[in-house]
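Below is one structure; the comments refer to it alone.
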Amino acid sequence: MKPAWPEQIQDTCEHDYIASCVSNLKKYKRMKNTVDFYRGGFSSPENETRVIEKSFRTAIRFTITLFCLFTNELNHAQIRLRPLPQDGFEKRLTEFVNELELSDSHEHLMSQESIRNSQMLDFMLLLHHYADDDIKSAGMSKPQFAELLTDEYTVREKWEIVKPYWEASKNTAYNRVVLLAIEKLFGIRELNDQTVEELSWKIKKAYETDWYNHVLREKANIKYVIADIGDRRFDDGMFRYVEKFDRFVRVDSKEDLLAAGESVSMDVNSLDAFVSALEKAFQEAIDRDIVGVKSTAAYHRTLKYEDVSKENARQVFDRLFEPENDLSFEEVKPLQDYMMHRIIQQIRKYGLPFQIHTGFHAGDGNDISNSNPALLANLFLEYRDVNFILFHGSYPYGGELAALAKSFRNVFLDMSWLYIISPSYAKRYLHEWIETVPSNKIMAFGGDYHNVENTYGHALMAREIVARVLIEKVRSGYLTESEAREIARRILFTNIMEIFGIE
Ligand SMILES: [Zn+2]
């Protein structure tokens, strides 16, 4: 990572700007002398008007010049807070960040075995998660894409079908990360007619080796992963697990109530029994050593959870339990809200952190306004002893996220998934979050993938952006070089260990 050219240009512009201000000042002095010369008597009325106009223009220019110099000085005073770094800090910081071990706050990895046994053990493995969203956004139908994950077609046939949509969408970061991963892992620079079969063959071969260990440990240098998956066949030294209890919130039919009860072998025919089933589900998860709880309820409803009375919730439960009672979301919401409060009380009882999906949704058909993190503020106030981790940099609500994580001691900020949604947003907001949020509350990497290849590509992007932001912070005099290292270590490694209690 070379020093980014935009800063150099910015510096040049700044110098040019100051030079022009100074030259304006000199001009003013010259003009002032001319005015003084004429002060004794003007040679003609036209001359008098011309001189007055000139003096007026000069006075305005002078005022603007003073304003420019003042604001320029003010800008520097705001950010140039620390001694300037010694030469070579860009290279040193880049190397430091690239060599750090990572803690990964969020993954959905399928096991190596299940991928090996799947029908997408070819180039489609790399397109089936997140890239698929932009390929469909570019126009491919969902059923057509799903067919490409089967062995109904040869690799060449799959490629011919997906190619126009890949070509149309390969500009997005979801798809850039695929190109990065295939270059770094398989030595292939482009995905095209010439490379697609070679890449597919190399993927197949890789899965005959100790591939996960190689990619996660040796290439990505990840030490810990917080996983949101049912599969527990992963390396115990590396993986920790969170679980979801959203099935107790996402209820809008009698079948949903019964299914949630059945998940813990309980009959639920009353609100009390329903809450008991939730408590049993928690106890079982605790016995499986979960380190936290996750909620993705924002995919289905608003994040606003009112504090509902038990009586109100009971009435909704009873109505929902009646057969053929079809309730609207507004009607069922009090019960859902009540159950979310019960979940948080269980989280508090067991002293776990709570990861909450906020901001952008994968797939289509979701209402982004449902997932504005500001909707959660009443929960942060009510449960001040529960640590809430707000996911995905709340894209596009980065400002709201900053305000929440800054205001509430119990609100943490998580950048999982973020660099592949938009590297520019991640960079822009990491700059702002470092200025606003204590560094022990920022978790700067979570791959959020099904497959390790893309997790590795995502980790490379995260390292590059964290390094760039810190370099810019040091260059501007906001941080010293050693402060930047300390922040990098925290946000990429130690914070996750502290927040999830990993020894
Ligand atoms: Zn996820």
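Going through the structure tokens in order, the chains are called A, B, and so on, while each chain numbers its residues from 1 and the ligands are numbered from 1 in the order shown.
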
Near-ligand residues for ligand 1, threshold 12 Å, only C-alpha atoms and all ligand atoms, as a short mmCIF file (atom, residue, chain, number, x, y, z; two decimals) with N, CA and C atoms, in the first residue's frame:
data_model
loop_
_atom_site.label_atom_id
_atom_site.label_comp_id
_atom_site.auth_asym_id
_atom_site.auth_seq_id
_atom_site.Cartn_x
_atom_site.Cartn_y
_atom_site.Cartn_z
N ASP A 104 -12.05 -12.58 14.57
CA ASP A 104 -13.10 -12.40 13.57
C ASP A 104 -14.45 -12.47 14.29
N SER A 105 -15.19 -11.35 14.27
CA SER A 105 -16.38 -11.26 15.13
C SER A 105 -17.61 -11.99 14.58
N HIS A 106 -17.54 -12.44 13.30
CA HIS A 106 -18.79 -12.97 12.75
C HIS A 106 -18.57 -13.79 11.48
N GLU A 107 -18.93 -15.07 11.52
CA GLU A 107 -18.85 -15.92 10.33
C GLU A 107 -20.03 -16.88 10.29
N HIS A 108 -20.37 -17.31 9.06
CA HIS A 108 -21.38 -18.36 8.85
C HIS A 108 -20.76 -19.54 8.11
N LEU A 109 -19.48 -19.80 8.31
CA LEU A 109 -18.76 -20.76 7.48
C LEU A 109 -19.41 -22.15 7.44
N HIS A 129 -22.21 -16.65 -2.37
CA HIS A 129 -22.55 -15.87 -1.19
C HIS A 129 -22.11 -14.42 -1.36
N TYR A 130 -23.03 -13.51 -1.27
CA TYR A 130 -22.93 -12.06 -1.47
C TYR A 130 -22.73 -11.68 -2.93
N ILE A 226 -15.84 -15.83 15.96
CA ILE A 226 -17.15 -15.93 16.60
C ILE A 226 -18.12 -16.37 15.51
N ALA A 227 -18.65 -17.58 15.63
CA ALA A 227 -19.43 -18.15 14.53
C ALA A 227 -20.91 -18.18 14.85
N ASP A 228 -21.71 -17.87 13.82
CA ASP A 228 -23.17 -17.93 13.91
C ASP A 228 -23.61 -19.06 12.98
N ILE A 229 -23.42 -20.31 13.44
CA ILE A 229 -23.72 -21.48 12.62
C ILE A 229 -24.18 -22.62 13.52
N VAL A 242 -22.18 -18.18 18.84
CA VAL A 242 -23.35 -17.44 19.34
C VAL A 242 -24.58 -18.17 18.80
N GLU A 243 -25.72 -17.95 19.44
CA GLU A 243 -26.96 -18.55 18.94
C GLU A 243 -28.07 -17.50 18.89
N LYS A 244 -29.06 -17.77 18.04
CA LYS A 244 -30.20 -16.85 17.89
C LYS A 244 -31.43 -17.43 18.59
N LYS A 294 -27.25 -13.65 19.15
CA LYS A 294 -27.35 -12.84 17.93
C LYS A 294 -28.81 -12.70 17.57
N SER A 295 -29.16 -11.54 16.98
CA SER A 295 -30.53 -11.37 16.47
C SER A 295 -30.48 -10.79 15.06
N THR A 296 -31.24 -11.40 14.17
CA THR A 296 -31.39 -10.86 12.81
C THR A 296 -32.85 -10.47 12.57
N TYR A 299 -34.46 -8.23 9.77
CA TYR A 299 -34.83 -8.67 8.42
C TYR A 299 -36.35 -8.78 8.27
N GLN A 355 -25.39 -9.46 19.96
CA GLN A 355 -25.09 -8.96 18.61
C GLN A 355 -26.41 -8.72 17.86
N ILE A 356 -26.58 -7.52 17.35
CA ILE A 356 -27.84 -7.19 16.68
C ILE A 356 -27.58 -6.73 15.25
N HIS A 357 -28.28 -7.35 14.31
CA HIS A 357 -28.19 -6.88 12.92
C HIS A 357 -28.80 -5.49 12.84
N THR A 358 -28.02 -4.54 12.30
CA THR A 358 -28.55 -3.20 12.02
C THR A 358 -28.15 -2.82 10.60
N PHE A 360 -28.05 -2.28 6.51
CA PHE A 360 -28.30 -2.96 5.24
C PHE A 360 -28.65 -4.45 5.40
N HIS A 361 -29.57 -4.90 4.54
CA HIS A 361 -29.97 -6.32 4.55
C HIS A 361 -29.43 -7.03 3.31
N ALA A 362 -29.04 -8.29 3.48
CA ALA A 362 -28.69 -9.10 2.31
C ALA A 362 -29.98 -9.47 1.58
N PHE A 391 -24.27 -4.40 14.54
CA PHE A 391 -23.55 -5.03 13.42
C PHE A 391 -23.48 -4.18 12.16
N HIS A 392 -22.47 -4.53 11.37
CA HIS A 392 -22.32 -4.11 9.97
C HIS A 392 -22.17 -2.60 9.80
N ASP A 414 -19.60 -2.83 15.48
CA ASP A 414 -19.01 -3.99 14.80
C ASP A 414 -19.02 -3.76 13.29
N MET A 415 -17.85 -3.97 12.66
CA MET A 415 -17.70 -3.69 11.22
C MET A 415 -17.76 -4.96 10.37
N SER A 416 -18.33 -6.05 10.90
CA SER A 416 -18.44 -7.26 10.08
C SER A 416 -19.24 -6.94 8.82
N TRP A 417 -18.86 -7.64 7.73
CA TRP A 417 -19.54 -7.51 6.42
C TRP A 417 -19.28 -6.18 5.72
N LEU A 418 -18.71 -5.20 6.42
CA LEU A 418 -18.78 -3.82 5.96
C LEU A 418 -17.88 -3.49 4.77
N GLY A 446 -15.12 -8.80 10.66
CA GLY A 446 -15.91 -10.03 10.68
C GLY A 446 -16.17 -10.38 9.23
N GLY A 447 -15.75 -11.56 8.80
CA GLY A 447 -15.85 -11.92 7.39
C GLY A 447 -17.29 -12.06 6.92
N ASP A 448 -18.13 -12.70 7.76
CA ASP A 448 -19.56 -12.86 7.46
C ASP A 448 -19.79 -13.67 6.18
N TYR A 449 -19.02 -14.74 6.01
CA TYR A 449 -19.12 -15.54 4.77
C TYR A 449 -19.42 -17.01 5.06
N HIS A 450 -19.87 -17.70 3.99
CA HIS A 450 -20.05 -19.16 4.05
C HIS A 450 -18.75 -19.89 3.75
N THR A 455 -13.74 -15.05 2.96
CA THR A 455 -13.35 -14.50 4.26
C THR A 455 -11.91 -13.97 4.19
#

Counting only C-alpha atoms, what is within 9 Å of range 217-224 of chain A, bar same-chain residues fewer than 6 positions away, as a PDB file with N, CA and C atoms, in the first residue's frame?
ATOM      1  N   GLU A  99       0.642  -7.861   9.757  1.00  0.00           N
ATOM      2  CA  GLU A  99       1.162  -8.999  10.515  1.00  0.00           C
ATOM      3  C   GLU A  99       0.344  -9.315  11.768  1.00  0.00           C
ATOM      4  N   LEU A 100      -0.609  -8.464  12.108  1.00  0.00           N
ATOM      5  CA  LEU A 100      -1.416  -8.713  13.321  1.00  0.00           C
ATOM      6  C   LEU A 100      -2.248  -9.987  13.186  1.00  0.00           C
ATOM      7  N   GLU A 101      -2.375 -10.726  14.281  1.00  0.00           N
ATOM      8  CA  GLU A 101      -3.375 -11.799  14.312  1.00  0.00           C
ATOM      9  C   GLU A 101      -4.745 -11.148  14.375  1.00  0.00           C
ATOM     10  N   LEU A 102      -5.727 -11.784  13.755  1.00  0.00           N
ATOM     11  CA  LEU A 102      -7.080 -11.224  13.764  1.00  0.00           C
ATOM     12  C   LEU A 102      -7.995 -12.024  14.679  1.00  0.00           C
ATOM     13  N   SER A 103      -8.939 -11.304  15.307  1.00  0.00           N
ATOM     14  CA  SER A 103     -10.119 -11.959  15.864  1.00  0.00           C
ATOM     15  C   SER A 103     -11.255 -11.594  14.925  1.00  0.00           C
ATOM     16  N   ASP A 104     -12.048 -12.584  14.575  1.00  0.00           N
ATOM     17  CA  ASP A 104     -13.097 -12.404  13.565  1.00  0.00           C
ATOM     18  C   ASP A 104     -14.451 -12.471  14.292  1.00  0.00           C
ATOM     19  N   SER A 105     -15.192 -11.350  14.267  1.00  0.00           N
ATOM     20  CA  SER A 105     -16.381 -11.261  15.127  1.00  0.00           C
ATOM     21  C   SER A 105     -17.611 -11.985  14.577  1.00  0.00           C
ATOM     22  N   LEU A 185      -5.147 -16.667  -3.664  1.00  0.00           N
ATOM     23  CA  LEU A 185      -5.151 -18.080  -3.271  1.00  0.00           C
ATOM     24  C   LEU A 185      -4.830 -19.022  -4.424  1.00  0.00           C
ATOM     25  N   GLY A 237     -10.204 -24.831  19.162  1.00  0.00           N
ATOM     26  CA  GLY A 237      -9.255 -23.799  19.586  1.00  0.00           C
ATOM     27  C   GLY A 237      -9.563 -22.457  18.953  1.00  0.00           C
ATOM     28  N   MET A 238     -10.164 -22.484  17.785  1.00  0.00           N
ATOM     29  CA  MET A 238     -10.369 -21.257  17.026  1.00  0.00           C
ATOM     30  C   MET A 238     -11.797 -20.726  17.108  1.00  0.00           C
ATOM     31  N   PHE A 239     -12.788 -21.609  17.167  1.00  0.00           N
ATOM     32  CA  PHE A 239     -14.182 -21.181  17.038  1.00  0.00           C
ATOM     33  C   PHE A 239     -14.902 -21.051  18.373  1.00  0.00           C
ATOM     34  N   ARG A 240     -15.702 -19.970  18.480  1.00  0.00           N
ATOM     35  CA  ARG A 240     -16.654 -19.792  19.575  1.00  0.00           C
ATOM     36  C   ARG A 240     -18.003 -19.538  18.927  1.00  0.00           C
ATOM     37  N   THR A 455     -13.737 -15.053   2.959  1.00  0.00           N
ATOM     38  CA  THR A 455     -13.346 -14.498   4.262  1.00  0.00           C
ATOM     39  C   THR A 455     -11.910 -13.972   4.191  1.00  0.00           C
ATOM     40  N   TYR A 456     -11.041 -14.752   3.530  1.00  0.00           N
ATOM     41  CA  TYR A 456      -9.639 -14.318   3.392  1.00  0.00           C
ATOM     42  C   TYR A 456      -9.542 -13.014   2.585  1.00  0.00           C
ATOM     43  N   GLY A 457     -10.254 -12.961   1.449  1.00  0.00           N
ATOM     44  CA  GLY A 457     -10.253 -11.734   0.636  1.00  0.00           C
ATOM     45  C   GLY A 457     -10.761 -10.550   1.439  1.00  0.00           C
ATOM     46  N   ALA A 459     -10.668 -10.207   4.687  1.00  0.00           N
ATOM     47  CA  ALA A 459      -9.677  -9.846   5.709  1.00  0.00           C
ATOM     48  C   ALA A 459      -8.572  -8.972   5.100  1.00  0.00           C
ATOM     49  N   LEU A 460      -8.185  -9.281   3.857  1.00  0.00           N
ATOM     50  CA  LEU A 460      -7.167  -8.442   3.194  1.00  0.00           C
ATOM     51  C   LEU A 460      -7.678  -7.013   3.025  1.00  0.00           C
ATOM     52  N   PHE A 493      -8.026  -7.203  17.157  1.00  0.00           N
ATOM     53  CA  PHE A 493      -7.744  -8.433  17.901  1.00  0.00           C
ATOM     54  C   PHE A 493      -8.301  -8.447  19.326  1.00  0.00           C
ATOM     55  N   ILE A 496     -12.410  -8.075  20.721  1.00  0.00           N
ATOM     56  CA  ILE A 496     -13.317  -9.224  20.616  1.00  0.00           C
ATOM     57  C   ILE A 496     -13.050 -10.207  21.757  1.00  0.00           C
ATOM     58  N   MET A 497     -11.784 -10.406  22.068  1.00  0.00           N
ATOM     59  CA  MET A 497     -11.464 -11.339  23.162  1.00  0.00           C
ATOM     60  C   MET A 497     -12.035 -10.826  24.484  1.00  0.00           C
ATOM     61  N   ILE A 502     -12.958 -14.302  25.816  1.00  0.00           N
ATOM     62  CA  ILE A 502     -12.110 -15.392  25.324  1.00  0.00           C
ATOM     63  C   ILE A 502     -10.763 -15.308  26.028  1.00  0.00           C
TER      64      ILE A 502
END

Please identify all polymer residues within 12 Å of Val251 in chain A, counting only C-alpha atoms, omitting same-chain residues fewer than 4 positions from it, and present them as number ranges by chain.
A: 245-247, 255-261, 274, 297, 300-301, 316-317, 320-321, 326-329, 331-340

Taking the chain letters and numbering used in this document, name the residues of range 396-468 of chain A that DSSP puts in helix (DSSP H, G or I), as a PyMOL selection string.
chain A and resi 398-407+418-421+423-436+439-441+452-468

Keeping only N, CA and C atoms, take the residues you just selected and write them out as a short mmCIF file (atom, residue, chain, number, x, y, z; two decimals), in the first residue's frame.
data_model
loop_
_atom_site.label_atom_id
_atom_site.label_comp_id
_atom_site.auth_asym_id
_atom_site.auth_seq_id
_atom_site.Cartn_x
_atom_site.Cartn_y
_atom_site.Cartn_z
N GLY A 398 -24.16 5.28 9.50
CA GLY A 398 -22.88 5.38 10.22
C GLY A 398 -22.85 6.51 11.25
N GLY A 399 -23.53 7.61 10.97
CA GLY A 399 -23.56 8.73 11.90
C GLY A 399 -24.37 8.39 13.14
N GLU A 400 -25.52 7.77 12.93
CA GLU A 400 -26.36 7.34 14.06
C GLU A 400 -25.59 6.35 14.94
N LEU A 401 -24.88 5.43 14.27
CA LEU A 401 -24.11 4.43 15.01
C LEU A 401 -23.04 5.12 15.88
N ALA A 402 -22.36 6.09 15.31
CA ALA A 402 -21.34 6.83 16.07
C ALA A 402 -21.96 7.47 17.31
N ALA A 403 -23.11 8.11 17.11
CA ALA A 403 -23.75 8.81 18.23
C ALA A 403 -24.15 7.82 19.32
N LEU A 404 -24.67 6.64 18.92
CA LEU A 404 -25.11 5.65 19.92
C LEU A 404 -23.93 5.06 20.68
N ALA A 405 -22.89 4.65 19.93
CA ALA A 405 -21.74 4.02 20.58
C ALA A 405 -21.00 5.02 21.45
N LYS A 406 -21.10 6.28 21.09
CA LYS A 406 -20.45 7.33 21.89
C LYS A 406 -21.25 7.62 23.17
N SER A 407 -22.58 7.67 23.03
CA SER A 407 -23.42 8.05 24.17
C SER A 407 -23.56 6.96 25.21
N LEU A 418 -18.71 -5.20 6.42
CA LEU A 418 -18.78 -3.82 5.96
C LEU A 418 -17.88 -3.49 4.77
N TYR A 419 -16.65 -4.05 4.77
CA TYR A 419 -15.70 -3.66 3.71
C TYR A 419 -16.17 -4.14 2.33
N ILE A 420 -16.97 -5.22 2.32
CA ILE A 420 -17.45 -5.69 1.00
C ILE A 420 -18.79 -5.04 0.64
N ILE A 421 -19.45 -4.39 1.60
CA ILE A 421 -20.62 -3.59 1.22
C ILE A 421 -20.11 -2.32 0.54
N PRO A 423 -16.12 -0.39 0.62
CA PRO A 423 -14.84 -0.04 1.24
C PRO A 423 -14.73 1.47 1.53
N SER A 424 -15.34 2.29 0.68
CA SER A 424 -15.25 3.75 0.91
C SER A 424 -15.98 4.15 2.17
N TYR A 425 -17.17 3.59 2.35
CA TYR A 425 -17.95 3.87 3.57
C TYR A 425 -17.16 3.41 4.79
N ALA A 426 -16.60 2.19 4.72
CA ALA A 426 -15.84 1.66 5.85
C ALA A 426 -14.69 2.61 6.20
N LYS A 427 -14.02 3.10 5.17
CA LYS A 427 -12.86 3.98 5.41
C LYS A 427 -13.32 5.33 5.97
N ARG A 428 -14.35 5.89 5.34
CA ARG A 428 -14.85 7.20 5.77
C ARG A 428 -15.31 7.16 7.22
N TYR A 429 -16.09 6.12 7.55
CA TYR A 429 -16.64 6.07 8.90
C TYR A 429 -15.63 5.59 9.94
N LEU A 430 -14.68 4.74 9.54
CA LEU A 430 -13.67 4.37 10.53
C LEU A 430 -12.91 5.63 10.96
N HIS A 431 -12.64 6.52 10.01
CA HIS A 431 -12.03 7.82 10.36
C HIS A 431 -12.87 8.52 11.43
N GLU A 432 -14.17 8.56 11.19
CA GLU A 432 -15.07 9.31 12.08
C GLU A 432 -15.24 8.57 13.42
N TRP A 433 -15.34 7.25 13.35
CA TRP A 433 -15.54 6.48 14.58
C TRP A 433 -14.32 6.57 15.49
N ILE A 434 -13.12 6.61 14.90
CA ILE A 434 -11.92 6.76 15.74
C ILE A 434 -11.95 8.12 16.44
N GLU A 435 -12.57 9.10 15.80
CA GLU A 435 -12.66 10.43 16.43
C GLU A 435 -13.78 10.51 17.47
N THR A 436 -14.74 9.58 17.39
CA THR A 436 -15.92 9.74 18.25
C THR A 436 -16.09 8.64 19.30
N SER A 439 -11.81 3.44 21.63
CA SER A 439 -11.28 2.37 20.77
C SER A 439 -11.53 0.97 21.33
N ASN A 440 -11.87 0.87 22.62
CA ASN A 440 -12.15 -0.47 23.16
C ASN A 440 -13.55 -0.96 22.77
N LYS A 441 -14.30 -0.14 22.00
CA LYS A 441 -15.67 -0.52 21.63
C LYS A 441 -15.85 -0.77 20.15
N VAL A 452 -14.33 -19.92 3.18
CA VAL A 452 -13.09 -19.31 3.72
C VAL A 452 -12.36 -18.46 2.69
N GLU A 453 -12.51 -18.77 1.41
CA GLU A 453 -11.80 -18.01 0.37
C GLU A 453 -12.22 -16.53 0.43
N ASN A 454 -13.52 -16.30 0.51
CA ASN A 454 -13.99 -14.92 0.54
C ASN A 454 -13.71 -14.26 1.89
N THR A 455 -13.74 -15.05 2.96
CA THR A 455 -13.35 -14.50 4.26
C THR A 455 -11.91 -13.97 4.19
N TYR A 456 -11.04 -14.75 3.53
CA TYR A 456 -9.64 -14.32 3.39
C TYR A 456 -9.54 -13.01 2.58
N GLY A 457 -10.25 -12.96 1.45
CA GLY A 457 -10.25 -11.73 0.64
C GLY A 457 -10.76 -10.55 1.44
N HIS A 458 -11.81 -10.79 2.21
CA HIS A 458 -12.40 -9.74 3.03
C HIS A 458 -11.40 -9.27 4.10
N ALA A 459 -10.67 -10.21 4.69
CA ALA A 459 -9.68 -9.85 5.71
C ALA A 459 -8.57 -8.97 5.10
N LEU A 460 -8.18 -9.28 3.86
CA LEU A 460 -7.17 -8.44 3.19
C LEU A 460 -7.68 -7.01 3.02
N MET A 461 -8.95 -6.90 2.63
CA MET A 461 -9.53 -5.56 2.47
C MET A 461 -9.57 -4.82 3.80
N ALA A 462 -9.98 -5.53 4.85
CA ALA A 462 -10.07 -4.90 6.17
C ALA A 462 -8.70 -4.40 6.63
N ARG A 463 -7.68 -5.24 6.47
CA ARG A 463 -6.33 -4.81 6.89
C ARG A 463 -5.90 -3.57 6.11
N GLU A 464 -6.16 -3.58 4.81
CA GLU A 464 -5.71 -2.45 3.99
C GLU A 464 -6.41 -1.15 4.43
N ILE A 465 -7.69 -1.24 4.69
CA ILE A 465 -8.42 -0.01 5.03
C ILE A 465 -8.07 0.47 6.44
N VAL A 466 -7.95 -0.46 7.38
CA VAL A 466 -7.54 -0.06 8.73
C VAL A 466 -6.17 0.62 8.67
N ALA A 467 -5.25 0.02 7.91
CA ALA A 467 -3.91 0.61 7.80
C ALA A 467 -3.97 2.00 7.17
N ARG A 468 -4.75 2.14 6.10
CA ARG A 468 -4.84 3.45 5.43
C ARG A 468 -5.41 4.52 6.34
#

Let me make sure I understand: among A:Val162, A:Val155, A:Leu375, A:Ala173, which one has the smallest atom-to-atom distance to Ala138 in chain A if we use only C-alpha atoms?
A:Val162

Given the choices A:Ser422, A:Leu352, A:Val264, A:Leu492, which gets closest to Asn171 in chain A if the distance is worked out from only C-alpha atoms?
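Of all the options, A:Ser422 lies closest to Asn171 in chain A.
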
Run DSSP on the backbone and tell me which residues of range 52-279 of chain A come out as strand (DSSP E or B); list them as a PyMOL selection string.
chain A and resi 102-107+222-227+239-244

Interatomic distance between CA of Leu413 in chain A and CA of Ile290 in chain A?
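Between these atoms lies a distance of 20.3 Å.
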
Got a sec: who's within 10 Å of Ala168 in chain A, counting only C-alpha atoms, leaving out chain neighbours fewer than 5 positions off, as a PyMOL selection string?
chain A and resi 134-135+137-139+163

Neighbours of Arg314 in chain A within 9 Å (only C-alpha atoms; same-chain residues fewer than 6 positions away dropped), as an MDAnalysis selection string?
chainID A and resid 270:272 335

Quick one: write out the picked residues with N, CA and C atoms as a CSV table (one decimal), in the first residue's frame?
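That gives us selection-v7.csv:
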chain,number,residue,atom,x,y,z
A,270,SER,N,-49.8,-21.3,26.5
A,270,SER,CA,-50.1,-20.0,27.3
A,270,SER,C,-48.8,-19.2,27.2
A,271,LEU,N,-49.0,-17.9,27.5
A,271,LEU,CA,-47.8,-17.0,27.4
A,271,LEU,C,-46.7,-17.5,28.4
A,272,ASP,N,-47.2,-17.9,29.6
A,272,ASP,CA,-46.2,-18.4,30.6
A,272,ASP,C,-45.4,-19.6,30.1
A,335,LEU,N,-46.8,-8.7,21.4
A,335,LEU,CA,-46.3,-10.0,21.8
A,335,LEU,C,-44.8,-10.2,21.4
